[in-house]
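Following: one structure in structure tokens, then a few remarks.
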Amino acid sequence: MRLGRFAYASQAVNMAVGLLILAGWISVSAAAQTKASSAARTNAETTSRAEDGHPNLNGIWKSTGQETFYLVKNGNKVQYLQRNSEPALEDDPDLTKTRALRQVNNQERRAESYKKNPNLMPSYKPELLAKVHDLDVHENEVDPAFHCYPSGVPRVGAPRQIVQTPGLILFLYMSENGAPYRVIPTDGRPHRTDVEPSYMGDSIGHWEGDTLVVDVNRFNDETWLGNDGWFHSTKMHVVERFTREGDNLRYQVTVEDSEVFTKPWVKNATVYKLSTDPADMISDATSIEAPCVEVDSGHIVNHDHL
């Protein structure tokens with residue numbers, strides 16, 4: 001009988017301890033949820049809005065560098081950093097050391113980072129991996145962007161400047177191959193069917209809550225998705241999502257291409273910061289430049305990457 005009472009008492013103690021742990025967990029969880037909800041409310045309250053109630057995306061948006069990472073090796077350890085140290089200018093006046101450092105780091109970073117996180121690159125069908133590798137090796141010979149072709153969507157990234165009006169949004173870019181722009185209708189119209197495939201595709205937009213969703217189709221197959229031979233077909237379909245929180249703009253891209261991918265590619269989100277510096281504005285002086293003319297092909301003697 002005593003043993004039974006002891007067992008019952010032990011069970012009671014265990015139950016009490018369990019309830020205390022559960023209560024503590026619930027308390028911590030509730031506190032975390034409260035903090036997250038508070039942060040969300042703060043972002044919502046500080047986010048500028050247009051007259052129609054949607055977030056105001058007007059402005060100049062500059063990269064915060066949060067999407068950029070570098071690989072640093074220390075013995076057998078691999079460390080990912082936001083920025084990498086480079087030689088001081090006075091020690092490297094012609095940038096020879098800097099270029100060499102970037103070249104090695106970029107090569108190693110890509111190879112190691114893809115092993116660490118396969119989602120950083122598109123998931124190509126097995127029978128197409130040899131083609132991707134061959135394009136990668138010969139990048140400086142065959143990369144369309146290296147030969148003055150438009151970067152295309154989504155490689156061009158988020159716009160440098162956004163002009164938002166009711167029913168229409170204008171994206172302005174600055175790139176090494178000119179200053180392209182995109183006109184995005186948001187009035188509910190469907191995709192056009194009477195336009196030829198192009199580098200930027202055909203875009204239409206709509207709002208999902210506080211997120212601008214841009215749907216893009218009708219691409220040609222003359223652009224890459226990145227520097228590593230990431231080609232695509234004319235069946236590519238891109239969905240871009242722009243979410244403003246306070247003075248930050250989160251840019252998320254999903255790429256589908258049933259012709260070459262085994263599954264959709266969801267790129268890591270990038271974050272941009274609203275700039276109030278007038279010098280960052282795209283103007284005639286910065287957007288109207290001489291046409292891009294590729295003159296380096298004859299000087300290439302190896303397979304260095306960008």
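Ordering of the structure tokens sets the chain letters (A, B, ...), residue numbers begin anew at 1 in every chain, and ligands are numbered from 1 in the order given.
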
| What's the 9 Å shell around Val253 in chain A, counting only C-alpha atoms, without same-chain residues fewer than 6 positions away, as a list in words? | Pro154, Val238, Val239, Glu240, Arg241, Trp265, Val266, Lys267, Asn268 and Ala269 of chain A

Dump N, CA and C atoms for the selected residues as a tab-separated table (two decimals), in the first residue's frame?
chain	number	residue	atom	x	y	z
A	154	PRO	N	14.43	37.42	-63.75
A	154	PRO	CA	14.61	38.23	-62.54
A	154	PRO	C	16.05	38.67	-62.27
A	238	VAL	N	7.71	33.86	-63.81
A	238	VAL	CA	8.30	34.50	-62.63
A	238	VAL	C	7.23	35.22	-61.83
A	239	VAL	N	7.29	35.06	-60.52
A	239	VAL	CA	6.41	35.80	-59.61
A	239	VAL	C	7.29	36.59	-58.64
A	240	GLU	N	7.15	37.92	-58.66
A	240	GLU	CA	7.91	38.79	-57.76
A	240	GLU	C	6.97	39.32	-56.67
A	241	ARG	N	7.49	39.40	-55.45
A	241	ARG	CA	6.70	39.91	-54.34
A	241	ARG	C	7.45	41.05	-53.65
A	265	TRP	N	12.00	27.46	-58.22
A	265	TRP	CA	13.16	28.00	-57.50
A	265	TRP	C	12.72	29.24	-56.75
A	266	VAL	N	12.77	29.18	-55.43
A	266	VAL	CA	12.42	30.31	-54.58
A	266	VAL	C	13.74	30.95	-54.13
A	267	LYS	N	14.04	32.10	-54.67
A	267	LYS	CA	15.29	32.77	-54.34
A	267	LYS	C	15.25	33.34	-52.93
A	268	ASN	N	16.42	33.41	-52.31
A	268	ASN	CA	16.50	34.05	-51.01
A	268	ASN	C	16.03	35.50	-51.12
A	269	ALA	N	15.21	35.93	-50.19
A	269	ALA	CA	14.69	37.29	-50.22
A	269	ALA	C	15.81	38.30	-50.02

May I have the residues within 8 Å of His133 in chain A as a compact mmCIF listing (two decimals) with N, CA, C and O atoms, in the first residue's frame, using only C-alpha atoms and disregarding those fewer than 4 positions away in the same chain?
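result-v4.txt, written as the output of this step:
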# COMPACT_ATOMS: atom_id res chain seq x y z
N LEU A 129 22.29 19.12 -66.33
CA LEU A 129 23.38 19.61 -65.48
C LEU A 129 24.69 19.78 -66.25
O LEU A 129 25.47 20.68 -65.98
N VAL A 137 31.51 27.13 -67.17
CA VAL A 137 32.94 27.15 -67.48
C VAL A 137 33.25 28.23 -68.51
O VAL A 137 34.26 28.94 -68.42
N ASP A 228 26.26 31.67 -63.28
CA ASP A 228 26.81 30.32 -63.29
C ASP A 228 26.19 29.41 -64.34
O ASP A 228 26.05 28.21 -64.13
N GLY A 229 25.84 29.97 -65.49
CA GLY A 229 25.27 29.15 -66.54
C GLY A 229 23.82 28.81 -66.33
O GLY A 229 23.31 27.85 -66.92

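Every protein, DNA or RNA residue with an atom at most 10 Å from Ser203 in chain A, where only C-alpha atoms count and chain neighbours fewer than 6 positions away do not, is listed here: Arg182, Val183, Ile184, Pro185, Thr186, Pro190, His191, Arg192, Val214, Asp215, Val216, Asn217, Arg218, Val238, Val239 and Glu240 of chain A.
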
| query | Nearest to Met281 in chain A among A:Lys125, A:His206, A:Lys62, A:Arg244, with distances taken over only C-alpha atoms: which residue is it? | reply |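 Smallest separation from Met281 in chain A among the options: A:Lys62.
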